[in-house]
>>> print(open('protein_1.txt').read())   # compact mmCIF, C-alpha atoms and all ligand atoms
# COMPACT_ATOMS: atom_id res chain seq x y z
CA MET A 1 38.59 14.58 -15.47
CA GLU A 2 40.74 11.86 -17.02
CA LYS A 3 41.92 8.45 -15.80
CA GLN A 4 45.30 7.23 -16.98
CA LEU A 5 48.04 4.81 -16.01
CA TYR A 6 51.29 6.58 -15.14
CA THR A 7 54.74 5.09 -14.54
CA ILE A 8 56.73 5.98 -11.43
CA THR A 9 60.09 7.35 -12.58
CA GLU A 10 61.16 8.62 -9.15
CA ASN A 11 59.91 7.97 -5.61
CA ARG A 12 62.54 9.04 -3.11
CA LEU A 13 62.85 10.48 0.36
CA VAL A 14 63.69 14.21 0.12
CA ALA A 15 62.97 15.42 3.69
CA ALA A 16 61.72 13.94 6.97
CA ASP A 17 58.92 11.48 6.07
CA THR A 18 58.55 13.33 2.77
CA TYR A 19 58.82 11.80 -0.69
CA ARG A 20 59.14 13.23 -4.18
CA LEU A 21 57.09 11.23 -6.64
CA VAL A 22 57.56 11.74 -10.36
CA LEU A 23 55.00 10.15 -12.67
CA SER A 24 55.40 9.81 -16.42
CA GLY A 25 52.66 9.36 -18.98
CA LYS A 26 50.98 10.94 -21.94
CA GLY A 27 50.28 14.69 -22.17
CA LYS A 28 50.52 17.50 -19.63
CA VAL A 29 48.60 17.14 -16.39
CA ASP A 30 46.41 20.05 -15.41
CA GLY A 31 44.16 20.60 -12.39
CA GLU A 32 45.03 21.48 -8.83
CA PHE A 33 45.36 17.95 -7.53
CA VAL A 34 45.41 14.32 -8.72
CA HIS A 35 43.68 11.33 -7.16
CA LEU A 36 45.97 8.31 -6.88
CA GLU A 37 44.93 4.69 -6.60
CA ILE A 38 47.29 3.02 -4.15
CA PRO A 39 47.43 -0.79 -4.42
CA GLY A 40 45.30 -2.41 -1.68
CA PHE A 41 43.16 0.69 -0.97
CA TYR A 42 39.63 1.21 -2.22
CA LEU A 43 39.63 5.01 -1.81
CA ARG A 44 42.04 7.06 -3.85
CA ARG A 45 44.31 9.61 -2.13
CA PRO A 46 44.44 13.28 -3.22
CA LEU A 47 47.85 14.95 -3.73
CA SER A 48 48.57 18.45 -5.07
CA VAL A 49 50.40 18.90 -8.34
CA CYS A 50 53.75 20.50 -7.51
CA ASP A 51 55.14 20.72 -11.02
CA SER A 52 53.93 19.63 -14.42
CA GLU A 53 55.35 19.49 -17.92
CA GLU A 54 54.65 17.52 -21.08
CA GLY A 55 54.90 13.81 -20.26
CA ARG A 56 55.60 14.06 -16.50
CA PHE A 57 54.47 15.66 -13.28
CA VAL A 58 55.79 15.94 -9.73
CA LEU A 59 54.07 15.34 -6.36
CA LEU A 60 55.43 15.72 -2.83
CA TYR A 61 53.84 13.65 -0.11
CA LYS A 62 54.24 12.99 3.59
CA THR A 63 53.81 9.50 4.99
CA VAL A 64 51.02 10.06 7.51
CA GLY A 65 49.01 6.83 7.33
CA GLU A 66 48.73 3.41 5.71
CA GLY A 67 48.11 4.64 2.16
CA THR A 68 51.06 6.99 1.91
CA ARG A 69 53.29 4.44 3.69
CA VAL A 70 52.46 1.85 0.99
CA LEU A 71 52.99 4.50 -1.71
CA ALA A 72 56.50 5.09 -0.37
CA THR A 73 57.40 1.43 -0.94
CA LEU A 74 56.52 1.42 -4.65
CA PRO A 75 59.63 1.12 -6.84
CA GLU A 76 60.43 2.95 -10.06
CA GLY A 77 58.67 1.33 -13.00
CA SER A 78 55.46 0.64 -11.01
CA ARG A 79 52.27 1.74 -12.72
CA LEU A 80 49.63 3.82 -10.94
CA SER A 81 46.07 4.68 -11.94
CA VAL A 82 45.66 8.45 -11.64
CA LEU A 83 42.64 10.73 -12.02
CA THR A 84 43.80 14.09 -13.34
CA GLY A 85 42.24 17.45 -14.19
CA LEU A 86 40.68 17.78 -10.73
CA GLY A 87 39.90 20.83 -8.63
CA LYS A 88 39.59 24.56 -9.10
CA GLY A 89 43.09 25.86 -8.49
CA PHE A 90 44.72 29.19 -7.67
CA ASP A 91 43.69 32.05 -9.93
CA ALA A 92 46.96 33.60 -11.11
CA SER A 93 45.03 36.30 -13.01
CA ALA A 94 43.59 37.65 -9.72
CA CYS A 95 47.00 39.21 -9.02
CA SER A 96 47.70 42.26 -11.14
CA ARG A 97 51.41 42.92 -10.47
CA SER A 98 52.73 41.56 -7.24
CA ALA A 99 51.84 38.29 -5.49
CA LEU A 100 52.52 37.01 -1.98
CA LEU A 101 52.61 33.23 -1.51
CA VAL A 102 52.49 31.79 2.01
CA GLY A 103 52.94 28.04 2.51
CA GLY A 104 53.11 25.75 5.50
CA GLY A 105 54.74 22.32 5.23
CA LEU A 106 53.70 20.55 2.02
CA GLY A 107 51.35 23.43 1.30
CA ALA A 108 54.45 24.65 -0.53
CA ALA A 109 53.87 22.04 -3.26
CA PRO A 110 50.94 23.60 -5.20
CA LEU A 111 52.34 27.09 -4.53
CA TYR A 112 55.46 26.18 -6.49
CA LEU A 113 53.46 25.54 -9.67
CA LEU A 114 51.59 28.79 -9.04
CA ALA A 115 54.87 30.71 -8.56
CA LYS A 116 56.07 29.44 -11.94
CA GLU A 117 52.84 30.54 -13.61
CA LEU A 118 52.96 33.99 -11.99
CA LYS A 119 56.58 34.49 -13.08
CA GLN A 120 55.70 33.41 -16.62
CA GLN A 121 53.06 36.18 -16.56
CA GLY A 122 55.78 38.69 -15.61
CA LYS A 123 54.54 39.25 -12.06
CA LYS A 124 56.62 39.93 -8.96
CA VAL A 125 56.48 37.03 -6.51
CA THR A 126 57.32 37.00 -2.81
CA ALA A 127 57.17 33.64 -1.05
CA VAL A 128 57.21 32.80 2.65
CA LEU A 129 57.39 29.15 3.69
CA GLY A 130 57.12 27.70 7.18
CA PHE A 131 58.20 24.31 8.54
CA ASN A 132 58.52 22.77 11.98
CA LYS A 133 62.25 22.18 11.69
CA ALA A 134 65.16 22.15 9.24
CA ASP A 135 64.88 18.49 8.19
CA GLU A 136 61.28 19.05 6.99
CA ILE A 137 62.16 21.84 4.55
CA VAL A 138 61.31 21.22 0.90
CA LEU A 139 61.49 23.38 -2.25
CA ALA A 140 63.47 26.18 -0.54
CA GLN A 141 66.13 26.34 -3.28
CA GLU A 142 63.50 26.17 -6.01
CA PHE A 143 61.48 29.05 -4.52
CA GLU A 144 64.60 31.08 -3.85
CA GLY A 145 65.73 30.66 -7.47
CA LEU A 146 62.33 31.62 -8.85
CA CYS A 147 61.00 34.36 -6.59
CA ASP A 148 61.89 38.03 -6.24
CA ALA A 149 61.91 37.75 -2.44
CA PHE A 150 61.87 34.67 -0.25
CA ALA A 151 61.81 33.96 3.50
CA LEU A 152 61.76 30.82 5.60
CA ALA A 153 60.39 30.30 9.10
CA THR A 154 60.96 27.29 11.32
CA LEU A 155 59.21 26.72 14.61
CA ASP A 156 62.43 25.69 16.34
CA GLY A 157 64.45 28.49 14.71
CA SER A 158 66.90 26.04 13.11
CA VAL A 159 66.62 27.90 9.77
CA GLY A 160 65.29 31.38 8.98
CA VAL A 161 62.97 33.30 11.24
CA LYS A 162 62.10 31.49 14.50
CA GLY A 163 58.37 30.99 14.74
CA PHE A 164 55.39 30.90 12.40
CA VAL A 165 55.01 32.20 8.85
CA THR A 166 53.15 35.15 10.37
CA ASP A 167 56.37 36.05 12.27
CA ALA A 168 58.33 35.92 9.00
CA LEU A 169 55.66 38.09 7.34
CA ARG A 170 56.09 40.71 10.06
CA THR A 171 59.87 40.71 9.51
CA LEU A 172 59.66 40.79 5.71
CA ALA A 173 56.73 43.31 5.49
CA PRO A 174 56.14 42.43 1.82
CA THR A 175 54.19 44.56 -0.63
CA TYR A 176 51.62 42.72 -2.76
CA ASP A 177 48.24 43.23 -4.35
CA TYR A 178 47.01 39.64 -3.91
CA PHE A 179 47.99 36.73 -1.67
CA TYR A 180 47.74 32.94 -1.95
CA THR A 181 48.09 30.48 0.92
CA CYS A 182 48.20 26.70 1.38
CA GLY A 183 49.00 24.64 4.46
CA PRO A 184 47.40 23.56 7.73
CA MET A 185 43.99 25.18 8.40
CA VAL A 186 45.21 26.88 11.57
CA MET A 187 48.06 28.49 9.66
CA MET A 188 45.85 29.65 6.77
CA LYS A 189 43.37 31.14 9.23
CA ALA A 190 46.16 33.12 10.91
CA VAL A 191 47.51 34.22 7.53
CA CYS A 192 44.09 35.36 6.27
CA GLN A 193 43.55 37.30 9.51
CA ALA A 194 47.01 38.86 9.44
CA LEU A 195 47.11 39.88 5.79
CA GLU A 196 45.22 42.82 4.40
CA GLY A 197 43.71 42.86 0.95
CA PRO A 198 42.27 40.12 -1.24
CA GLY A 199 43.56 36.57 -1.35
CA GLU A 200 42.70 32.91 -1.56
CA ALA A 201 43.44 29.70 0.33
CA SER A 202 43.51 26.02 -0.60
CA LEU A 203 41.43 23.88 1.76
CA GLU A 204 41.92 20.21 2.62
CA GLU A 205 39.20 17.71 3.41
CA ARG A 206 39.14 13.95 3.42
CA MET A 207 37.82 12.83 0.05
CA GLY A 208 35.73 10.03 -1.35
CA CYS A 209 35.29 10.29 -5.13
CA GLY A 210 37.44 13.43 -5.54
CA ALA A 211 35.34 14.44 -8.54
CA GLY A 212 32.20 16.09 -7.20
CA PHE A 213 29.81 13.13 -7.03
CA CYS A 214 29.65 11.96 -3.40
CA TYR A 215 29.54 15.28 -1.49
CA GLY A 216 31.82 13.67 1.11
CA CYS A 217 34.15 16.66 1.12
CA SER A 218 31.49 19.38 1.61
CA VAL A 219 32.32 22.39 3.77
CA GLN A 220 30.20 25.36 4.81
CA THR A 221 31.19 28.60 3.13
CA ALA A 222 29.73 32.11 3.12
CA GLY A 223 27.92 31.08 -0.08
CA GLY A 224 26.50 27.83 1.41
CA PRO A 225 27.88 24.28 1.27
CA ARG A 226 30.67 23.69 -1.27
CA ARG A 227 32.60 20.59 -2.35
CA VAL A 228 36.32 20.99 -1.71
CA CYS A 229 37.17 18.64 -4.61
CA LYS A 230 35.03 20.30 -7.26
CA ASP A 231 34.18 23.88 -6.16
CA GLY A 232 37.65 24.18 -4.58
CA PRO A 233 40.07 23.28 -3.11
CA VAL A 234 40.92 26.97 -3.59
CA PHE A 235 38.41 29.47 -2.20
CA LYS A 236 38.50 33.24 -1.88
CA LYS A 237 39.40 34.52 1.60
CA GLU A 238 35.94 36.00 2.18
CA GLU A 239 34.17 32.73 1.27
CA ILE A 240 35.88 30.70 4.00
CA LEU A 241 34.17 30.24 7.36
CA TRP A 242 37.01 29.41 9.73
C1 LIG B 301 43.24 18.74 -2.28
C2 LIG B 301 44.24 18.01 -1.40
C3 LIG B 301 45.58 18.10 -1.71
C4 LIG B 301 46.51 17.43 -0.91
N1 LIG B 301 47.83 17.55 -1.25
C5 LIG B 301 48.75 16.89 -0.54
C6 LIG B 301 50.13 16.95 -0.90
O1 LIG B 301 50.52 17.60 -1.89
N2 LIG B 301 51.01 16.25 -0.14
C7 LIG B 301 50.60 15.52 0.95
O2 LIG B 301 51.45 14.92 1.61
N3 LIG B 301 49.33 15.46 1.32
C8 LIG B 301 48.38 16.10 0.59
N4 LIG B 301 47.08 16.00 0.95
C9 LIG B 301 46.70 15.15 2.12
C10 LIG B 301 46.75 13.69 1.67
O3 LIG B 301 45.68 13.44 0.77
C11 LIG B 301 46.62 12.76 2.87
O4 LIG B 301 47.74 12.96 3.72
C12 LIG B 301 46.60 11.32 2.43
O5 LIG B 301 45.39 11.06 1.73
C13 LIG B 301 46.69 10.40 3.65
O6 LIG B 301 46.53 9.08 3.23
P1 LIG B 301 46.98 7.89 4.16
O7 LIG B 301 46.31 6.65 3.68
O8 LIG B 301 48.45 7.83 4.31
O9 LIG B 301 46.43 8.32 5.57
P2 LIG B 301 45.11 7.86 6.33
O10 LIG B 301 45.40 6.56 6.99
O11 LIG B 301 43.93 7.96 5.43
O12 LIG B 301 45.06 9.01 7.39
C14 LIG B 301 46.20 9.31 8.24
C15 LIG B 301 46.05 10.69 8.82
O13 LIG B 301 45.98 11.69 7.78
C16 LIG B 301 44.76 12.43 7.86
N5 LIG B 301 44.24 12.62 6.49
C17 LIG B 301 43.94 11.66 5.60
N6 LIG B 301 43.47 12.20 4.46
C18 LIG B 301 43.49 13.54 4.64
C19 LIG B 301 43.13 14.64 3.83
N7 LIG B 301 42.61 14.50 2.62
N8 LIG B 301 43.28 15.86 4.34
C20 LIG B 301 43.76 16.03 5.58
N9 LIG B 301 44.13 15.03 6.39
C21 LIG B 301 43.98 13.80 5.94
C22 LIG B 301 43.83 11.55 8.64
O14 LIG B 301 42.85 12.31 9.32
C23 LIG B 301 44.77 10.85 9.62
O15 LIG B 301 45.07 11.66 10.71
C24 LIG B 301 46.11 16.66 0.20
C25 LIG B 301 44.75 16.57 0.50
C26 LIG B 301 43.82 17.25 -0.28
C27 LIG B 301 42.37 17.15 0.06
S1 LIG B 302 35.08 13.84 -2.57
FE1 LIG B 302 33.20 13.26 -3.53
S2 LIG B 302 32.26 15.19 -3.87
FE2 LIG B 302 34.22 15.73 -3.12
>>> encode(input="protein_1.txt", output="structure tokens")
Amino acid sequence: MEKQLYTITENRLVAADTYRLVLSGKGKVDGEFVHLEIPGFYLRRPLSVCDSEEGRFVLLYKTVGEGTRVLATLPEGSRLSVLTGLGKGFDASACSRSALLVGGGLGAAPLYLLAKELKQQGKKVTAVLGFNKADEIVLAQEFEGLCDAFALATLDGSVGVKGFVTDALRTLAPTYDYFYTCGPMVMMKAVCQALEGPGEASLEERMGCGAGFCYGCSVQTAGGPRRVCKDGPVFKKEEILW
């Protein structure tokens, strides 16, 4: 874990209530998520790393409460304290040849970084993303450009398959040897029940320290209690007690 000050180089609305935040600083950020200190808030807020390269990384966030609403007001040039190197992320090596990625809403963000890693390893990647409606869609062009096969589902049918990601999965009938999913719990549960074979899912819990000390993010798993921030957020399908 590392704490560093980063400079906001972009913080703009890219979809309904959804912002793209680009932070610049030293080095390349690793870890599944970062913990941001938002001015005026004691507790940091966790956000998944969507993309990362030397000297900058990208986050996508939805304004759901006070913290993210304040974050959205911060102009370019503002400095933010960020804890990096957090979380046990997706295991790209668990897939041998062909991966299926299933994301709901901003669950697409960490899957994008994973898709890039899988492609760099020469693997075939199929991605299915689901959103409520067209104006909430993010990263569709990026996934489409990167992946071997790609499908979208919207609940209102405004774009892609009408319905849930599980409806799009039925239509697409993808072949894969390992799957990865991130999004709302109810969606990930349906995905893990619908998909055969091994896979993993990224859980979300409210966090205190974000670094394994406070046990505030503990969840029960098949192997006993686990901290989402330190032992996860990614867990194998069979470990998760829905
Ligand atoms: C590992 C991890 C990765 C995440 N990645 C992203 C991301 O890439 N983009 C994104 O937009 N959000 C992400 N989240 C959720 C994000 O942390 C919360 O939306 C944010 O902390 C809300 O802060 P707030 O002050 O605006 O809301 P609050 O005022 O604290 O809460 C507003 C609402 O959001 C819910 N909420 C708050 N924190 C969480 C949380 N940690 N998990 C689930 N619900 C929460 C509350 O229950 C409440 O309903 C992630 C959470 C975790 C644990
Ligand atoms: S948030 Fe403190 S242990 Fe996970």
>>> residues_near_ligand(input="protein_1.txt", ligand="ligand LIG 302 (chain B)", cutoff="6 Å", atoms="all atoms listed in the file", output="count of residues only")
14
>>> residues_near_ligand(input="protein_1.txt", ligand="ligand LIG 301 (chain B)", cutoff="7 Å", atoms="all atoms listed in the file", output="list in words")
Phe33, Arg45, Pro46, Leu47, Ser48, Val49, Leu59, Leu60, Tyr61, Lys62, Thr63, Val64, Gly65, Glu66, Gly67, Thr68, Arg69, Leu106, Gly107, Ala109, Pro110, Leu203, Glu204, Glu205, Arg206, Met207, Cys229 and Pro233 of chain A
>>> residues_near_point(input="protein_1.txt", point="(47.2, 22.5, 8.1)", cutoff="10 Å", atoms="all atoms listed in the file", output="compact mmCIF listing (two decimals) with C-alpha atoms, in the frame of the given file")
# COMPACT_ATOMS: atom_id res chain seq x y z
CA GLY A 103 52.94 28.04 2.51
CA GLY A 104 53.11 25.75 5.50
CA GLY A 105 54.74 22.32 5.23
CA LEU A 106 53.70 20.55 2.02
CA GLY A 107 51.35 23.43 1.30
CA CYS A 182 48.20 26.70 1.38
CA GLY A 183 49.00 24.64 4.46
CA PRO A 184 47.40 23.56 7.73
CA MET A 185 43.99 25.18 8.40
CA VAL A 186 45.21 26.88 11.57
CA MET A 187 48.06 28.49 9.66
CA MET A 188 45.85 29.65 6.77
CA LYS A 189 43.37 31.14 9.23
CA LEU A 203 41.43 23.88 1.76
CA GLU A 204 41.92 20.21 2.62
>>> residues_around(input="protein_1.txt", residues="Thr9 (chain A)", least_positions_apart="6", cutoff="6 Å", atoms="all atoms listed in the file", output="VMD selection string")
chain A and resid 22 to 23 76
>>> closest_atom_pairs(input="protein_1.txt", of="region 18-61 of chain A", to="region 132-140 of chain A", cutoff="10 Å", atoms="only C-alpha atoms", output="Markdown table")
| residue | atom | partner | partner_atom | distance |
| --- | --- | --- | --- | --- |
| A:Thr18 | CA | A:Glu136 | CA | 7.6 |
| A:Tyr19 | CA | A:Val138 | CA | 9.9 |
| A:Arg20 | CA | A:Val138 | CA | 9.7 |
| A:Cys50 | CA | A:Leu139 | CA | 9.8 |
| A:Leu60 | CA | A:Val138 | CA | 8.9 |
>>> atom_distance(input="protein_1.txt", atom1="CA of Val234 (chain A)", atom2="CA of Tyr178 (chain A)")
14.1 Å
>>> closest_atom_pairs(input="protein_1.txt", of="region 36-124 of chain A", to="region 144-160 of chain A", cutoff="9 Å", atoms="only C-alpha atoms", output="JSON lines")
{"residue": "A:Ala115", "atom": "CA", "partner": "A:Cys147", "partner_atom": "CA", "distance": 7.4}
{"residue": "A:Lys116", "atom": "CA", "partner": "A:Leu146", "partner_atom": "CA", "distance": 7.3}
{"residue": "A:Lys119", "atom": "CA", "partner": "A:Leu146", "partner_atom": "CA", "distance": 7.7}
{"residue": "A:Lys124", "atom": "CA", "partner": "A:Asp148", "partner_atom": "CA", "distance": 6.2}
>>> closest_residue(input="protein_1.txt", among="A:Gln4, A:Gln121, A:Thr84, A:Thr166", to="Ala190 (chain A)", atoms="only C-alpha atoms")
A:Thr166
>>> build_atoms(input="protein_1.txt", residues="region 55-86 of chain A", atoms="N, CA and C atoms", output="PDB file, keeping the file's coordinate frame")
ATOM      1  N   GLY A  55      54.424  15.176 -20.469  1.00  0.00           N
ATOM      2  CA  GLY A  55      54.900  13.810 -20.260  1.00  0.00           C
ATOM      3  C   GLY A  55      55.267  13.441 -18.835  1.00  0.00           C
ATOM      4  N   ARG A  56      55.277  14.408 -17.895  1.00  0.00           N
ATOM      5  CA  ARG A  56      55.600  14.060 -16.500  1.00  0.00           C
ATOM      6  C   ARG A  56      55.081  15.113 -15.538  1.00  0.00           C
ATOM      7  N   PHE A  57      54.818  14.681 -14.310  1.00  0.00           N
ATOM      8  CA  PHE A  57      54.470  15.660 -13.280  1.00  0.00           C
ATOM      9  C   PHE A  57      55.027  15.202 -11.937  1.00  0.00           C
ATOM     10  N   VAL A  58      55.114  16.172 -11.005  1.00  0.00           N
ATOM     11  CA  VAL A  58      55.790  15.940  -9.730  1.00  0.00           C
ATOM     12  C   VAL A  58      54.815  16.131  -8.573  1.00  0.00           C
ATOM     13  N   LEU A  59      54.864  15.223  -7.593  1.00  0.00           N
ATOM     14  CA  LEU A  59      54.070  15.340  -6.360  1.00  0.00           C
ATOM     15  C   LEU A  59      55.043  15.261  -5.187  1.00  0.00           C
ATOM     16  N   LEU A  60      54.679  15.888  -4.080  1.00  0.00           N
ATOM     17  CA  LEU A  60      55.430  15.720  -2.830  1.00  0.00           C
ATOM     18  C   LEU A  60      54.444  15.206  -1.807  1.00  0.00           C
ATOM     19  N   TYR A  61      54.804  14.150  -1.109  1.00  0.00           N
ATOM     20  CA  TYR A  61      53.840  13.650  -0.110  1.00  0.00           C
ATOM     21  C   TYR A  61      54.538  13.249   1.166  1.00  0.00           C
ATOM     22  N   LYS A  62      53.770  13.360   2.258  1.00  0.00           N
ATOM     23  CA  LYS A  62      54.240  12.990   3.590  1.00  0.00           C
ATOM     24  C   LYS A  62      53.617  11.654   3.941  1.00  0.00           C
ATOM     25  N   THR A  63      54.381  10.786   4.569  1.00  0.00           N
ATOM     26  CA  THR A  63      53.810   9.500   4.990  1.00  0.00           C
ATOM     27  C   THR A  63      53.137   9.724   6.348  1.00  0.00           C
ATOM     28  N   VAL A  64      51.792   9.789   6.290  1.00  0.00           N
ATOM     29  CA  VAL A  64      51.020  10.060   7.510  1.00  0.00           C
ATOM     30  C   VAL A  64      50.160   8.880   7.934  1.00  0.00           C
ATOM     31  N   GLY A  65      49.887   7.951   7.011  1.00  0.00           N
ATOM     32  CA  GLY A  65      49.010   6.830   7.330  1.00  0.00           C
ATOM     33  C   GLY A  65      49.346   5.638   6.438  1.00  0.00           C
ATOM     34  N   GLU A  66      48.457   4.651   6.428  1.00  0.00           N
ATOM     35  CA  GLU A  66      48.730   3.410   5.710  1.00  0.00           C
ATOM     36  C   GLU A  66      48.941   3.632   4.211  1.00  0.00           C
ATOM     37  N   GLY A  67      48.055   4.446   3.613  1.00  0.00           N
ATOM     38  CA  GLY A  67      48.110   4.640   2.160  1.00  0.00           C
ATOM     39  C   GLY A  67      49.433   5.241   1.707  1.00  0.00           C
ATOM     40  N   THR A  68      49.815   6.330   2.322  1.00  0.00           N
ATOM     41  CA  THR A  68      51.060   6.990   1.910  1.00  0.00           C
ATOM     42  C   THR A  68      52.286   6.144   2.281  1.00  0.00           C
ATOM     43  N   ARG A  69      52.154   5.332   3.338  1.00  0.00           N
ATOM     44  CA  ARG A  69      53.290   4.440   3.690  1.00  0.00           C
ATOM     45  C   ARG A  69      53.473   3.369   2.613  1.00  0.00           C
ATOM     46  N   VAL A  70      52.362   2.834   2.080  1.00  0.00           N
ATOM     47  CA  VAL A  70      52.460   1.850   0.990  1.00  0.00           C
ATOM     48  C   VAL A  70      53.006   2.537  -0.265  1.00  0.00           C
ATOM     49  N   LEU A  71      52.513   3.754  -0.535  1.00  0.00           N
ATOM     50  CA  LEU A  71      52.990   4.500  -1.710  1.00  0.00           C
ATOM     51  C   LEU A  71      54.516   4.639  -1.684  1.00  0.00           C
ATOM     52  N   ALA A  72      55.050   4.877  -0.499  1.00  0.00           N
ATOM     53  CA  ALA A  72      56.500   5.090  -0.370  1.00  0.00           C
ATOM     54  C   ALA A  72      57.310   3.831  -0.688  1.00  0.00           C
ATOM     55  N   THR A  73      56.656   2.671  -0.669  1.00  0.00           N
ATOM     56  CA  THR A  73      57.400   1.430  -0.940  1.00  0.00           C
ATOM     57  C   THR A  73      57.415   1.078  -2.431  1.00  0.00           C
ATOM     58  N   LEU A  74      56.645   1.808  -3.241  1.00  0.00           N
ATOM     59  CA  LEU A  74      56.520   1.420  -4.650  1.00  0.00           C
ATOM     60  C   LEU A  74      57.794   1.800  -5.424  1.00  0.00           C
ATOM     61  N   PRO A  75      58.371   0.832  -6.131  1.00  0.00           N
ATOM     62  CA  PRO A  75      59.630   1.120  -6.840  1.00  0.00           C
ATOM     63  C   PRO A  75      59.403   1.807  -8.186  1.00  0.00           C
ATOM     64  N   GLU A  76      60.482   2.375  -8.716  1.00  0.00           N
ATOM     65  CA  GLU A  76      60.430   2.950 -10.060  1.00  0.00           C
ATOM     66  C   GLU A  76      59.970   1.877 -11.040  1.00  0.00           C
ATOM     67  N   GLY A  77      59.185   2.279 -12.010  1.00  0.00           N
ATOM     68  CA  GLY A  77      58.670   1.330 -13.000  1.00  0.00           C
ATOM     69  C   GLY A  77      57.264   0.852 -12.656  1.00  0.00           C
ATOM     70  N   SER A  78      56.828   1.030 -11.389  1.00  0.00           N
ATOM     71  CA  SER A  78      55.460   0.640 -11.010  1.00  0.00           C
ATOM     72  C   SER A  78      54.479   1.536 -11.759  1.00  0.00           C
ATOM     73  N   ARG A  79      53.299   0.970 -12.020  1.00  0.00           N
ATOM     74  CA  ARG A  79      52.270   1.740 -12.720  1.00  0.00           C
ATOM     75  C   ARG A  79      51.164   2.109 -11.744  1.00  0.00           C
ATOM     76  N   LEU A  80      50.681   3.348 -11.842  1.00  0.00           N
ATOM     77  CA  LEU A  80      49.630   3.820 -10.940  1.00  0.00           C
ATOM     78  C   LEU A  80      48.469   4.375 -11.743  1.00  0.00           C
ATOM     79  N   SER A  81      47.241   4.071 -11.315  1.00  0.00           N
ATOM     80  CA  SER A  81      46.070   4.680 -11.940  1.00  0.00           C
ATOM     81  C   SER A  81      45.853   6.046 -11.303  1.00  0.00           C
ATOM     82  N   VAL A  82      45.757   7.078 -12.140  1.00  0.00           N
ATOM     83  CA  VAL A  82      45.660   8.450 -11.640  1.00  0.00           C
ATOM     84  C   VAL A  82      44.492   9.175 -12.307  1.00  0.00           C
ATOM     85  N   LEU A  83      43.658   9.815 -11.479  1.00  0.00           N
ATOM     86  CA  LEU A  83      42.640  10.730 -12.020  1.00  0.00           C
ATOM     87  C   LEU A  83      43.265  12.114 -12.053  1.00  0.00           C
ATOM     88  N   THR A  84      43.189  12.751 -13.206  1.00  0.00           N
ATOM     89  CA  THR A  84      43.800  14.090 -13.340  1.00  0.00           C
ATOM     90  C   THR A  84      42.735  15.123 -13.735  1.00  0.00           C
ATOM     91  N   GLY A  85      43.163  16.367 -13.797  1.00  0.00           N
ATOM     92  CA  GLY A  85      42.240  17.450 -14.190  1.00  0.00           C
ATOM     93  C   GLY A  85      41.230  17.758 -13.103  1.00  0.00           C
ATOM     94  N   LEU A  86      41.627  17.604 -11.842  1.00  0.00           N
ATOM     95  CA  LEU A  86      40.680  17.780 -10.730  1.00  0.00           C
ATOM     96  C   LEU A  86      40.910  19.104  -9.999  1.00  0.00           C
TER      97      LEU A  86
END
